[in-house]
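run03.cif follows (mmCIF, C-alpha atoms and all ligand atoms):
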data_model
#
loop_
_atom_site.label_atom_id
_atom_site.label_comp_id
_atom_site.auth_asym_id
_atom_site.auth_seq_id
_atom_site.Cartn_x
_atom_site.Cartn_y
_atom_site.Cartn_z
CA MET M 828 100.05 45.94 42.79
CA LYS M 829 103.53 44.76 43.82
CA ALA M 830 105.81 47.37 45.39
CA LEU M 831 109.18 47.58 47.14
CA VAL M 832 108.35 48.44 50.75
CA LYS M 833 110.44 49.37 53.78
CA THR M 834 108.25 47.53 56.29
CA GLN M 835 109.69 48.71 59.63
CA LYS M 836 112.55 50.68 61.19
CA GLY M 837 115.99 49.09 61.35
CA VAL M 838 118.60 47.58 59.06
CA ASN M 839 117.07 45.64 56.12
CA PHE M 840 113.27 45.13 56.44
CA ILE M 841 112.69 45.61 52.72
CA GLU M 842 110.06 43.44 51.03
CA TYR M 843 108.68 43.19 47.52
CA LYS M 844 105.02 42.79 48.40
CA GLU M 845 101.41 43.28 47.38
CA ILE M 846 99.83 46.61 48.41
CA PRO M 847 96.65 48.45 47.29
CA GLU M 848 96.82 50.78 44.27
CA PRO M 849 96.89 54.47 45.30
CA LYS M 850 94.11 56.98 44.51
CA PRO M 851 94.96 60.62 43.68
CA GLY M 852 93.52 63.15 46.12
CA PHE M 853 92.83 66.84 45.52
CA GLY M 854 95.61 68.43 43.43
CA GLU M 855 97.29 65.06 42.91
CA VAL M 856 98.09 62.93 39.89
CA LYS M 857 98.37 59.15 39.53
CA VAL M 858 101.34 58.08 37.43
CA ASN M 859 102.03 54.72 35.82
CA VAL M 860 105.72 54.37 36.66
CA LYS M 861 107.86 53.24 33.72
CA ALA M 862 111.31 53.46 35.32
CA CYS M 863 112.75 54.38 38.72
CA GLY M 864 116.43 54.77 39.55
CA ILE M 865 118.03 53.55 42.78
CA CYS M 866 119.44 56.48 44.75
CA GLY M 867 122.15 56.45 47.39
CA THR M 868 119.33 57.47 49.73
CA ASP M 869 117.53 54.16 49.07
CA ILE M 870 120.70 52.32 50.07
CA HIS M 871 120.98 54.49 53.21
CA ILE M 872 117.34 53.67 54.07
CA TRP M 873 118.07 49.97 53.52
CA LYS M 874 120.85 50.28 56.11
CA ASP M 875 118.73 52.60 58.28
CA GLU M 876 121.21 55.49 57.91
CA PHE M 877 118.64 57.97 56.51
CA GLN M 878 115.28 59.11 57.88
CA ASN M 879 112.30 56.98 56.88
CA ILE M 880 108.74 56.51 58.10
CA PRO M 881 107.75 52.88 57.44
CA PRO M 882 105.78 51.23 56.05
CA VAL M 883 106.69 53.16 52.92
CA VAL M 884 107.28 52.35 49.24
CA LEU M 885 110.86 53.33 48.34
CA GLY M 886 112.01 55.09 45.16
CA HIS M 887 111.84 58.75 44.11
CA GLU M 888 113.80 59.04 40.84
CA PHE M 889 111.15 58.14 38.31
CA SER M 890 109.46 58.74 34.99
CA GLY M 891 106.05 57.61 33.82
CA VAL M 892 102.71 58.35 32.19
CA ILE M 893 99.77 60.13 33.82
CA VAL M 894 96.80 57.74 34.17
CA GLU M 895 94.45 59.69 36.44
CA LEU M 896 93.98 63.32 37.50
CA GLY M 897 92.72 64.18 40.97
CA GLU M 898 90.16 66.89 41.59
CA GLY M 899 91.34 70.42 40.92
CA VAL M 900 94.24 69.47 38.61
CA THR M 901 94.58 71.60 35.50
CA GLY M 902 97.21 71.90 32.79
CA LEU M 903 98.13 68.20 32.75
CA ASN M 904 96.69 65.40 30.60
CA ILE M 905 96.07 61.69 30.89
CA GLY M 906 98.64 59.91 28.71
CA GLN M 907 101.25 62.65 29.20
CA LYS M 908 104.86 61.52 29.80
CA VAL M 909 106.18 63.12 32.97
CA VAL M 910 108.88 63.31 35.64
CA SER M 911 108.34 64.68 39.13
CA GLU M 912 110.07 66.49 41.93
CA VAL M 913 110.19 64.58 45.20
CA MET M 914 108.37 67.04 47.48
CA TYR M 915 105.15 66.17 49.22
CA GLN M 916 103.22 68.57 51.45
CA VAL M 917 105.75 71.36 51.92
CA CYS M 918 104.10 73.99 54.14
CA GLY M 919 104.30 77.02 51.83
CA LYS M 920 104.47 79.23 54.91
CA CYS M 921 107.94 78.93 56.44
CA GLN M 922 110.80 81.30 55.59
CA ASN M 923 112.42 78.74 53.26
CA CYS M 924 109.20 78.01 51.34
CA LYS M 925 108.43 81.72 51.00
CA THR M 926 111.86 82.41 49.48
CA GLY M 927 111.63 79.55 46.95
CA TYR M 928 113.82 77.09 48.86
CA TYR M 929 110.97 74.67 49.55
CA ASN M 930 113.50 71.80 49.40
CA LEU M 931 114.49 73.11 52.85
CA CYS M 932 110.91 73.37 54.17
CA LEU M 933 110.91 72.77 57.90
CA THR M 934 108.03 70.27 57.73
CA ARG M 935 108.72 68.86 54.30
CA LYS M 936 107.76 65.31 53.47
CA GLY M 937 109.33 63.46 50.58
CA LEU M 938 108.49 60.63 48.20
CA GLY M 939 110.10 57.31 48.98
CA TRP M 940 110.83 57.92 52.66
CA ALA M 941 107.85 59.76 54.22
CA VAL M 942 105.15 58.94 51.67
CA ASN M 943 104.89 56.09 49.16
CA GLY M 944 107.38 56.37 46.30
CA ALA M 945 107.84 54.87 42.87
CA PHE M 946 109.26 51.32 43.03
CA ALA M 947 105.73 50.24 42.10
CA PRO M 948 103.55 50.22 38.97
CA PHE M 949 101.67 53.29 40.24
CA THR M 950 102.47 56.26 42.43
CA VAL M 951 100.65 59.45 43.37
CA VAL M 952 102.34 62.87 43.34
CA GLU M 953 101.29 66.49 43.72
CA ALA M 954 100.51 68.04 40.31
CA GLN M 955 102.49 71.20 41.12
CA TYR M 956 105.78 69.25 41.14
CA ILE M 957 105.27 67.52 37.79
CA HIS M 958 107.47 68.44 34.81
CA PRO M 959 106.85 67.33 31.21
CA MET M 960 109.41 64.67 30.24
CA PRO M 961 111.84 65.80 27.50
CA GLU M 962 110.85 64.18 24.19
CA ASN M 963 114.42 63.36 23.18
CA ILE M 964 115.06 60.77 25.94
CA THR M 965 113.74 57.34 27.00
CA PHE M 966 111.84 56.56 30.23
CA GLU M 967 115.01 54.96 31.65
CA GLU M 968 117.04 58.10 30.93
CA ALA M 969 114.24 60.33 32.27
CA ALA M 970 114.45 58.46 35.60
CA LEU M 971 117.76 60.34 36.08
CA SER M 972 115.98 63.72 36.09
CA GLU M 973 116.04 64.00 39.88
CA PRO M 974 119.78 63.45 40.39
CA LEU M 975 120.32 65.72 37.39
CA ALA M 976 118.20 68.45 39.03
CA ILE M 977 120.35 68.19 42.17
CA SER M 978 123.50 68.40 40.05
CA ALA M 979 122.33 71.40 38.03
CA TYR M 980 121.22 73.09 41.26
CA ALA M 981 124.60 72.38 42.91
CA VAL M 982 126.65 73.59 39.94
CA SER M 983 124.72 76.60 38.66
CA GLU M 984 122.69 77.85 41.63
CA ILE M 985 124.50 76.93 44.86
CA THR M 986 128.07 77.22 43.59
CA GLY M 987 127.82 79.39 40.47
CA VAL M 988 130.48 77.77 38.27
CA LYS M 989 131.93 80.10 35.62
CA SER M 990 133.64 79.33 32.32
CA GLY M 991 137.34 78.61 32.54
CA GLU M 992 137.30 77.73 36.23
CA ILE M 993 139.28 74.67 37.35
CA VAL M 994 136.66 72.37 38.85
CA LEU M 995 137.52 69.20 40.74
CA VAL M 996 134.80 66.54 41.01
CA SER M 997 135.57 63.66 43.37
CA GLY M 998 133.63 60.43 42.88
CA PRO M 999 132.72 59.27 39.35
CA GLY M 1000 129.40 57.72 40.42
CA PRO M 1001 126.09 58.79 38.84
CA ILE M 1002 125.89 62.11 40.73
CA GLY M 1003 129.56 62.86 40.06
CA LEU M 1004 129.11 62.25 36.33
CA LEU M 1005 126.04 64.50 36.24
CA VAL M 1006 127.73 67.26 38.26
CA MET M 1007 130.69 66.98 35.89
CA GLN M 1008 128.47 67.36 32.81
CA CYS M 1009 126.69 70.39 34.32
CA ALA M 1010 130.06 72.01 35.07
CA LEU M 1011 131.20 71.27 31.49
CA ALA M 1012 127.97 72.85 30.21
CA GLU M 1013 128.94 76.00 32.15
CA GLY M 1014 132.31 76.00 30.36
CA ALA M 1015 134.53 74.87 33.25
CA PHE M 1016 137.75 72.84 33.01
CA VAL M 1017 136.84 69.63 34.85
CA ILE M 1018 139.13 67.17 36.63
CA MET M 1019 137.42 63.97 37.84
CA THR M 1020 139.01 61.87 40.57
CA GLY M 1021 138.48 58.31 41.75
CA THR M 1022 140.31 55.32 43.19
CA ASP M 1023 141.47 51.93 41.85
CA ALA M 1024 137.90 50.64 42.31
CA ASP M 1025 136.66 53.43 40.02
CA GLU M 1026 138.95 52.75 37.04
CA TRP M 1027 136.10 51.86 34.65
CA ARG M 1028 133.93 54.71 35.91
CA LEU M 1029 136.78 57.16 35.33
CA LYS M 1030 136.84 55.93 31.72
CA VAL M 1031 133.15 56.82 31.42
CA ALA M 1032 133.97 60.28 32.81
CA LYS M 1033 136.64 60.66 30.15
CA GLU M 1034 134.21 59.60 27.41
CA LEU M 1035 131.69 62.13 28.71
CA GLY M 1036 134.19 64.96 28.35
CA ALA M 1037 136.29 65.20 31.54
CA HIS M 1038 139.39 67.23 30.66
CA ARG M 1039 141.49 65.13 33.00
CA ILE M 1040 140.82 61.98 35.05
CA VAL M 1041 142.96 61.17 38.09
CA ASN M 1042 143.20 57.91 40.02
CA VAL M 1043 144.30 59.36 43.37
CA GLN M 1044 145.92 56.05 44.36
CA GLN M 1045 148.19 56.22 41.30
CA GLU M 1046 148.84 59.95 40.84
CA ASP M 1047 149.62 62.97 43.02
CA LEU M 1048 146.42 65.02 42.75
CA GLY M 1049 147.97 68.23 44.10
CA LYS M 1050 150.70 68.08 41.45
CA VAL M 1051 148.19 67.47 38.66
CA ILE M 1052 146.09 70.46 39.74
CA ARG M 1053 149.09 72.78 40.15
CA GLY M 1054 149.86 71.96 36.50
CA TYR M 1055 146.67 73.78 35.54
CA ASN M 1056 146.56 76.47 38.23
CA GLU M 1057 149.56 77.09 40.50
CA ILE M 1058 147.43 78.00 43.54
CA GLY M 1059 144.92 75.16 43.30
CA ALA M 1060 141.43 74.26 42.11
CA ASP M 1061 138.85 77.05 42.03
CA ILE M 1062 135.98 74.77 42.99
CA VAL M 1063 135.57 71.29 44.48
CA PHE M 1064 132.42 69.17 44.25
CA GLU M 1065 132.74 66.26 46.66
CA CYS M 1066 130.39 63.59 45.33
CA SER M 1067 131.81 60.38 46.82
CA GLY M 1068 130.84 60.73 50.47
CA ALA M 1069 134.34 59.52 51.41
CA ALA M 1070 136.14 61.31 54.26
CA SER M 1071 139.50 61.00 52.45
CA ALA M 1072 138.09 62.90 49.46
CA VAL M 1073 137.04 65.79 51.73
CA LYS M 1074 140.51 65.90 53.23
CA SER M 1075 142.30 66.00 49.88
CA GLY M 1076 139.70 68.36 48.38
CA ILE M 1077 140.32 70.96 51.09
CA GLU M 1078 144.06 70.55 50.57
CA VAL M 1079 144.07 71.07 46.80
CA ILE M 1080 141.50 73.87 46.61
CA ARG M 1081 142.89 77.40 46.22
CA LYS M 1082 142.55 80.14 48.82
CA GLY M 1083 139.17 81.79 48.33
CA GLY M 1084 137.79 78.73 46.56
CA LYS M 1085 134.36 77.15 46.87
CA PHE M 1086 133.82 73.68 48.29
CA THR M 1087 130.41 72.08 47.73
CA GLN M 1088 129.53 68.82 49.45
CA VAL M 1089 127.10 66.74 47.40
CA GLY M 1090 127.64 63.17 48.67
CA LEU M 1091 126.30 61.90 52.00
CA PHE M 1092 128.56 60.07 54.44
CA GLY M 1093 125.98 58.30 56.61
CA ARG M 1094 128.19 59.08 59.63
CA THR M 1095 130.15 61.91 61.28
CA ILE M 1096 133.55 62.63 59.74
CA GLU M 1097 136.54 64.64 60.88
CA ILE M 1098 137.34 67.84 58.99
CA ASN M 1099 140.11 70.44 59.45
CA MET M 1100 138.07 73.61 59.98
CA ASP M 1101 141.25 75.68 60.34
CA LEU M 1102 141.90 75.18 56.63
CA ILE M 1103 138.40 76.46 55.88
CA VAL M 1104 139.24 79.57 57.92
CA THR M 1105 142.80 80.22 56.72
CA LYS M 1106 141.92 79.57 53.08
CA GLU M 1107 138.72 81.58 53.43
CA LEU M 1108 136.77 78.82 51.72
CA ARG M 1109 133.07 78.98 51.05
CA LEU M 1110 131.63 75.67 52.15
CA SER M 1111 128.13 74.62 51.05
CA GLY M 1112 125.92 71.58 51.17
CA VAL M 1113 123.22 70.68 48.67
CA PHE M 1114 120.06 68.99 49.79
CA SER M 1115 117.67 67.75 47.14
CA SER M 1116 116.58 70.42 44.67
CA ASN M 1117 113.85 72.88 43.81
CA TRP M 1118 112.28 74.28 40.65
CA ARG M 1119 115.47 76.12 39.70
CA GLY M 1120 117.46 72.89 39.48
CA TRP M 1121 114.73 70.99 37.66
CA HIS M 1122 114.18 73.76 35.14
CA ARG M 1123 117.88 74.10 34.36
CA GLY M 1124 118.60 70.36 34.30
CA LEU M 1125 115.71 69.51 31.96
CA ARG M 1126 116.64 72.41 29.67
CA LEU M 1127 120.18 71.10 29.36
CA VAL M 1128 118.78 67.65 28.46
CA ARG M 1129 116.52 69.15 25.77
CA GLN M 1130 119.55 70.96 24.35
CA ASN M 1131 121.54 67.68 24.30
CA LYS M 1132 124.16 69.17 26.64
CA ILE M 1133 123.79 66.28 29.10
CA LEU M 1134 124.05 62.62 28.12
CA LEU M 1135 122.11 60.37 30.48
CA LYS M 1136 122.43 56.97 28.80
CA PRO M 1137 126.14 56.45 29.62
CA VAL M 1138 125.32 57.11 33.31
CA ILE M 1139 123.02 54.04 33.39
CA SER M 1140 124.83 50.71 33.82
CA HIS M 1141 121.92 48.35 34.55
CA VAL M 1142 118.16 48.13 33.98
CA LEU M 1143 116.44 45.41 36.04
CA PRO M 1144 112.87 44.55 37.08
CA VAL M 1145 111.90 45.76 40.59
CA SER M 1146 111.61 42.09 41.66
CA GLU M 1147 115.44 41.87 41.34
CA TRP M 1148 115.97 44.74 43.80
CA ALA M 1149 118.28 42.71 46.09
CA LYS M 1150 120.68 41.98 43.22
CA ALA M 1151 120.50 45.64 42.20
CA PHE M 1152 121.29 46.93 45.71
CA GLU M 1153 124.27 44.56 45.87
CA LEU M 1154 125.55 45.84 42.50
CA ILE M 1155 125.59 49.36 43.92
CA GLU M 1156 127.18 48.30 47.21
CA SER M 1157 130.01 46.52 45.41
CA LYS M 1158 130.74 49.56 43.17
CA GLN M 1159 130.12 47.42 40.08
CA SER M 1160 127.54 49.80 38.74
CA LEU M 1161 126.68 53.34 37.79
CA LYS M 1162 122.98 54.25 37.96
CA VAL M 1163 120.82 51.16 38.30
CA VAL M 1164 117.28 51.68 37.03
CA LEU M 1165 114.41 49.40 38.07
CA THR M 1166 111.29 48.82 35.99
CA PRO M 1167 108.02 47.94 37.75
CA GLU M 1168 105.77 45.09 36.61
CA SER M 1169 103.65 46.46 33.79
CA LYS M 1170 99.93 46.70 34.52
ZN ZN O 1 117.76 60.61 44.70
ZN ZN O 2 107.85 75.31 54.49
#
Written as structure tokens, how would this file's structure read?
Ligand SMILES: [Zn+2]
Ligand SMILES: [Zn+2]
Amino acid sequence: MKALVKTQKGVNFIEYKEIPEPKPGFGEVKVNVKACGICGTDIHIWKDEFQNIPPVVLGHEFSGVIVELGEGVTGLNIGQKVVSEVMYQVCGKCQNCKTGYYNLCLTRKGLGWAVNGAFAPFTVVEAQYIHPMPENITFEEAALSEPLAISAYAVSEITGVKSGEIVLVSGPGPIGLLVMQCALAEGAFVIMTGTDADEWRLKVAKELGAHRIVNVQQEDLGKVIRGYNEIGADIVFECSGAASAVKSGIEVIRKGGKFTQVGLFGRTIEINMDLIVTKELRLSGVFSSNWRGWHRGLRLVRQNKILLKPVISHVLPVSEWAKAFELIESKQSLKVVLTPESK
């Protein structure tokens, strides 16, 4: 089969090449991949800014159909449409695993960077991380389940957004738009920010229900927010991975507010910790997701509270990966979904 492989450490070293088809081991399932979204992480691996253990097939945001069950697998069927979490071989024994936060397992391996992922016609995953695909969406839409799980986890579990709260989301990319929809589902008042380069993405945010969109290069964000709450935003979700958005987020958040960092920077940035102290902010990160995020995200999809289609801007064959990566780099896209060669 032909797969998109990171062949060795370093910048670039990505090839679309022939590799053997995988076999499911004990407790594993072989999935015929129908669609797989490109994640910011894939771009970071391309540039060697995120951990990776080559040679490895990239891609972890996928949907597909079960074609083979490994030994010991029960409760799943051949022909079943599924999505999957991205864990592989978490230990089950460390403090984080034992308390349900297996996304933070100390020896965790993940699909698409440590073990072969899903930019290929077939991939193998552990049965315990499979979720049935919602019946009301397409394979392309279902490929957004993983970023949605992270978003639902960030909004409802890590941060605990409540109805009526003034929530600022910076960065109207795919994750930002999903975080925004999860916050709207919780009943928050959502302000989405972006820059001149994001104008068309801000329009999508508006169409998806943002109460207010702000181009921070054209408008004074602090003034806009004070119009809704004199002391500032209750919650900030920073989804752009831009240092300037962290700076302004910490400035416009109210004392006692919650700041959740969702985007990755790929480098060290400067941050005014004194503002965190004097405003008594609660600062959190979000790394991947666990069952709680998947369960909540997929429920919201089944209840039609999250629209995934408008978050997809392009669907391309895996063979056109280079064009797809460039589209993301140049900010001309939202989620780009790749479809493997059909077998
Ligand atoms: Zn991802
Ligand atoms: Zn563990």
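For the pair atom CA of M:Leu933 and atom CA of M:Phe949, the interatomic distance is 27.9 Å.
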Please build the interface table for chain M against ligand ZN 1 (chain O) with a cut-off of 6 Å, listing for each qualifying residue the nearest atom pair and the distance in Å to one decimal; count only C-alpha atoms and all ligand atoms, order rows by chain and increasing number, and write it as a Markdown table.
| residue | atom | partner | partner_atom | distance |
| --- | --- | --- | --- | --- |
| M:Cys866 | CA | O:ZN1 | ZN | 4.5 |
| M:Glu888 | CA | O:ZN1 | ZN | 5.7 |
| M:Pro974 | CA | O:ZN1 | ZN | 5.5 |
Counting only C-alpha atoms and all ligand atoms, what are the residues of chain M within 12 Å of ligand ZN 2 (chain O), and for each of them which pair of atoms is the nearest and at what distance in Å, to one decimal? Sort the table by chain and rising number, as JSON lines.
{"residue": "M:Met914", "atom": "CA", "partner": "O:ZN2", "partner_atom": "ZN", "distance": 10.9}
{"residue": "M:Tyr915", "atom": "CA", "partner": "O:ZN2", "partner_atom": "ZN", "distance": 10.9}
{"residue": "M:Gln916", "atom": "CA", "partner": "O:ZN2", "partner_atom": "ZN", "distance": 8.7}
{"residue": "M:Val917", "atom": "CA", "partner": "O:ZN2", "partner_atom": "ZN", "distance": 5.2}
{"residue": "M:Cys918", "atom": "CA", "partner": "O:ZN2", "partner_atom": "ZN", "distance": 4.0}
{"residue": "M:Gly919", "atom": "CA", "partner": "O:ZN2", "partner_atom": "ZN", "distance": 4.8}
{"residue": "M:Lys920", "atom": "CA", "partner": "O:ZN2", "partner_atom": "ZN", "distance": 5.2}
{"residue": "M:Cys921", "atom": "CA", "partner": "O:ZN2", "partner_atom": "ZN", "distance": 4.1}
{"residue": "M:Gln922", "atom": "CA", "partner": "O:ZN2", "partner_atom": "ZN", "distance": 6.8}
{"residue": "M:Asn923", "atom": "CA", "partner": "O:ZN2", "partner_atom": "ZN", "distance": 5.8}
{"residue": "M:Cys924", "atom": "CA", "partner": "O:ZN2", "partner_atom": "ZN", "distance": 4.4}
{"residue": "M:Lys925", "atom": "CA", "partner": "O:ZN2", "partner_atom": "ZN", "distance": 7.3}
{"residue": "M:Thr926", "atom": "CA", "partner": "O:ZN2", "partner_atom": "ZN", "distance": 9.6}
{"residue": "M:Gly927", "atom": "CA", "partner": "O:ZN2", "partner_atom": "ZN", "distance": 9.4}
{"residue": "M:Tyr928", "atom": "CA", "partner": "O:ZN2", "partner_atom": "ZN", "distance": 8.4}
{"residue": "M:Tyr929", "atom": "CA", "partner": "O:ZN2", "partner_atom": "ZN", "distance": 5.9}
{"residue": "M:Asn930", "atom": "CA", "partner": "O:ZN2", "partner_atom": "ZN", "distance": 8.4}
{"residue": "M:Leu931", "atom": "CA", "partner": "O:ZN2", "partner_atom": "ZN", "distance": 7.2}
{"residue": "M:Cys932", "atom": "CA", "partner": "O:ZN2", "partner_atom": "ZN", "distance": 3.6}
{"residue": "M:Leu933", "atom": "CA", "partner": "O:ZN2", "partner_atom": "ZN", "distance": 5.2}
{"residue": "M:Thr934", "atom": "CA", "partner": "O:ZN2", "partner_atom": "ZN", "distance": 6.0}
{"residue": "M:Arg935", "atom": "CA", "partner": "O:ZN2", "partner_atom": "ZN", "distance": 6.5}
{"residue": "M:Lys936", "atom": "CA", "partner": "O:ZN2", "partner_atom": "ZN", "distance": 10.1}
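With all atoms listed in the file as the atoms that count, the minimum distance from M:Gln1159 to the choices M:Leu903, M:Val1017, M:Ala1024, M:Ala1060 is reached by M:Ala1024.
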_Near-M:Ala954 list (10 Å; all atoms listed in the file; drop same-chain fewer than 3 positions) as a list in words_ = Pro851, Phe853, Gly854, Glu855, Val856, Lys857, Leu896, Gly897, Gly899, Val900, Thr901, Gly902, Leu903, Ser911, Glu912, Val951, Ile957 and His958 of chain M
In the coordinates of the file, take the point (132.4, 64.1, 28.8) and a cut-off of 9 Å; then, counting all atoms listed in the file, name each qualifying protein, DNA or RNA residue as a tab-separated table (two decimals) with C-alpha atoms, in the coordinates of the input.
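As a result, point-v2.tsv now contains:
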chain	number	residue	atom	x	y	z
M	1004	LEU	CA	129.11	62.25	36.33
M	1007	MET	CA	130.69	66.98	35.89
M	1008	GLN	CA	128.47	67.36	32.81
M	1011	LEU	CA	131.20	71.27	31.49
M	1031	VAL	CA	133.15	56.82	31.42
M	1032	ALA	CA	133.97	60.28	32.81
M	1033	LYS	CA	136.64	60.66	30.15
M	1034	GLU	CA	134.21	59.60	27.41
M	1035	LEU	CA	131.69	62.13	28.71
M	1036	GLY	CA	134.19	64.96	28.35
M	1037	ALA	CA	136.29	65.20	31.54
M	1038	HIS	CA	139.39	67.23	30.66
M	1133	ILE	CA	123.79	66.28	29.10
M	1134	LEU	CA	124.05	62.62	28.12
*To one decimal place, how far is atom CA of M:Val1142 from atom CA of M:Arg1028 in Å?*
17.2 Å
_As an exercise, work out the distance from atom CA of M:Thr1105 to atom CA of M:Ser978 in Å and give it to one decimal place._
28.1 Å
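Around the point (111.9, 45.5, 37.8), within 6 Å and counting all atoms listed in the file, we find these residues: Leu1143, Pro1144, Val1145, Ser1146, Leu1165, Thr1166 and Pro1167 of chain M.
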*Near stretch 889-894 of chain M, counting all atoms listed in the file, which residues have an atom at most 8 Å away, once you skip same-chain residues fewer than 6 positions from it, shown as a list in words?*
Val856, Lys857, Val858, Asn859, Val860, Lys861, Ala862, Cys863, Gly864, Asn904, Ile905, Gly906, Gln907, Lys908, Val909, Val910, Ser911, Ala945, Met960, Phe966, Glu967, Ala969, Ala970, Leu971, Ser972 and Glu973 of chain M
Those residues with C-alpha atoms, as a compact mmCIF listing (two decimals), in the frame of the given file please?
# COMPACT_ATOMS: atom_id res chain seq x y z
CA VAL M 856 98.09 62.93 39.89
CA LYS M 857 98.37 59.15 39.53
CA VAL M 858 101.34 58.08 37.43
CA ASN M 859 102.03 54.72 35.82
CA VAL M 860 105.72 54.37 36.66
CA LYS M 861 107.86 53.24 33.72
CA ALA M 862 111.31 53.46 35.32
CA CYS M 863 112.75 54.38 38.72
CA GLY M 864 116.43 54.77 39.55
CA ASN M 904 96.69 65.40 30.60
CA ILE M 905 96.07 61.69 30.89
CA GLY M 906 98.64 59.91 28.71
CA GLN M 907 101.25 62.65 29.20
CA LYS M 908 104.86 61.52 29.80
CA VAL M 909 106.18 63.12 32.97
CA VAL M 910 108.88 63.31 35.64
CA SER M 911 108.34 64.68 39.13
CA ALA M 945 107.84 54.87 42.87
CA MET M 960 109.41 64.67 30.24
CA PHE M 966 111.84 56.56 30.23
CA GLU M 967 115.01 54.96 31.65
CA ALA M 969 114.24 60.33 32.27
CA ALA M 970 114.45 58.46 35.60
CA LEU M 971 117.76 60.34 36.08
CA SER M 972 115.98 63.72 36.09
CA GLU M 973 116.04 64.00 39.88
*For each of M:Leu1161, M:Ala1015, M:Met828, M:Ala1072, take the minimum atom-to-atom distance to M:Val1043, counting all atoms listed in the file, then give the residue where this is smallest.*
M:Ala1072
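Non-sequential neighbours of stretch 873-885 of chain M (distance at most 9 Å, separation of 5 or more positions within a chain, only C-alpha atoms) are Ala830, Leu831, Val832, Lys833, Thr834, Gln835, Lys836, Gly837, Val838, Asn839, Phe840, Ile841, Thr868, Leu938, Gly939, Trp940, Ala941, Val942, Asn943, Gly944, Ala945, Phe946, Ala947, Gly1093, Arg1094 and Phe1152 of chain M.
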How would the residues just picked look written out with C-alpha atoms as a PDB file, keeping the file's coordinate frame?
ATOM      1  CA  ALA M 830     105.810  47.370  45.390  1.00  0.00           C
ATOM      2  CA  LEU M 831     109.180  47.580  47.140  1.00  0.00           C
ATOM      3  CA  VAL M 832     108.350  48.440  50.750  1.00  0.00           C
ATOM      4  CA  LYS M 833     110.440  49.370  53.780  1.00  0.00           C
ATOM      5  CA  THR M 834     108.250  47.530  56.290  1.00  0.00           C
ATOM      6  CA  GLN M 835     109.690  48.710  59.630  1.00  0.00           C
ATOM      7  CA  LYS M 836     112.550  50.680  61.190  1.00  0.00           C
ATOM      8  CA  GLY M 837     115.990  49.090  61.350  1.00  0.00           C
ATOM      9  CA  VAL M 838     118.600  47.580  59.060  1.00  0.00           C
ATOM     10  CA  ASN M 839     117.070  45.640  56.120  1.00  0.00           C
ATOM     11  CA  PHE M 840     113.270  45.130  56.440  1.00  0.00           C
ATOM     12  CA  ILE M 841     112.690  45.610  52.720  1.00  0.00           C
ATOM     13  CA  THR M 868     119.330  57.470  49.730  1.00  0.00           C
ATOM     14  CA  LEU M 938     108.490  60.630  48.200  1.00  0.00           C
ATOM     15  CA  GLY M 939     110.100  57.310  48.980  1.00  0.00           C
ATOM     16  CA  TRP M 940     110.830  57.920  52.660  1.00  0.00           C
ATOM     17  CA  ALA M 941     107.850  59.760  54.220  1.00  0.00           C
ATOM     18  CA  VAL M 942     105.150  58.940  51.670  1.00  0.00           C
ATOM     19  CA  ASN M 943     104.890  56.090  49.160  1.00  0.00           C
ATOM     20  CA  GLY M 944     107.380  56.370  46.300  1.00  0.00           C
ATOM     21  CA  ALA M 945     107.840  54.870  42.870  1.00  0.00           C
ATOM     22  CA  PHE M 946     109.260  51.320  43.030  1.00  0.00           C
ATOM     23  CA  ALA M 947     105.730  50.240  42.100  1.00  0.00           C
ATOM     24  CA  GLY M1093     125.980  58.300  56.610  1.00  0.00           C
ATOM     25  CA  ARG M1094     128.190  59.080  59.630  1.00  0.00           C
ATOM     26  CA  PHE M1152     121.290  46.930  45.710  1.00  0.00           C
TER      27      PHE M1152
END
_Neighbouring residues of M:Lys1050 were defined as those with any atom within 10 Å, considering only C-alpha atoms; residues of the same chain fewer than 5 positions away were excluded. Please report them as a ChimeraX atom specification._
/M:1055-1057,1059,1079
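Shortest atom-to-atom contact with M:Phe1086 among M:Asn1117, M:Gln1044, M:Asn1099, M:Ser1111: M:Ser1111, counting all atoms listed in the file.
Shortest separation to M:Asn1042 among M:Val994, M:Met1019, M:Ala1010, M:Val1063 occurs at residue M:Met1019, atoms counted being only C-alpha atoms.
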*asked:* Give me the residues near M:Gly1000 as JSON, numbers by chain, where near means some atom within 12 Å (using all atoms listed in the file) and where sequence neighbours in that chain fewer than 5 positions away do not count.
replied: {"M": [866, 867, 974, 1005, 1006, 1007, 1019, 1020, 1021, 1022, 1024, 1025, 1026, 1027, 1028, 1029, 1030, 1031, 1032, 1065, 1066, 1067, 1068, 1089, 1090, 1137, 1138, 1139, 1140, 1155, 1156, 1158, 1159, 1160, 1161, 1162, 1163]}
As lines of an AutoDock Vina configuration file, please report the centre and edge lengths, rounded to one decimal in Å, of the axis-aligned box that holds all listed atoms of stretch 956-964 of chain M with 6 Å of padding on each of the six sides.
center_x = 110.2
center_y = 65.0
center_z = 32.2
size_x = 21.8
size_y = 20.5
size_z = 30.0
_Nearest to M:Arg1081, chosen from M:Ile993, M:Lys1136, M:Val1051, M:His1141, with all atoms listed in the file counted in the distances_ = M:Ile993
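With distances restricted to only C-alpha atoms, M:Val913 is the closest residue to M:Ala976 from M:Glu898, M:Lys1082, M:Ile846, M:Val913.
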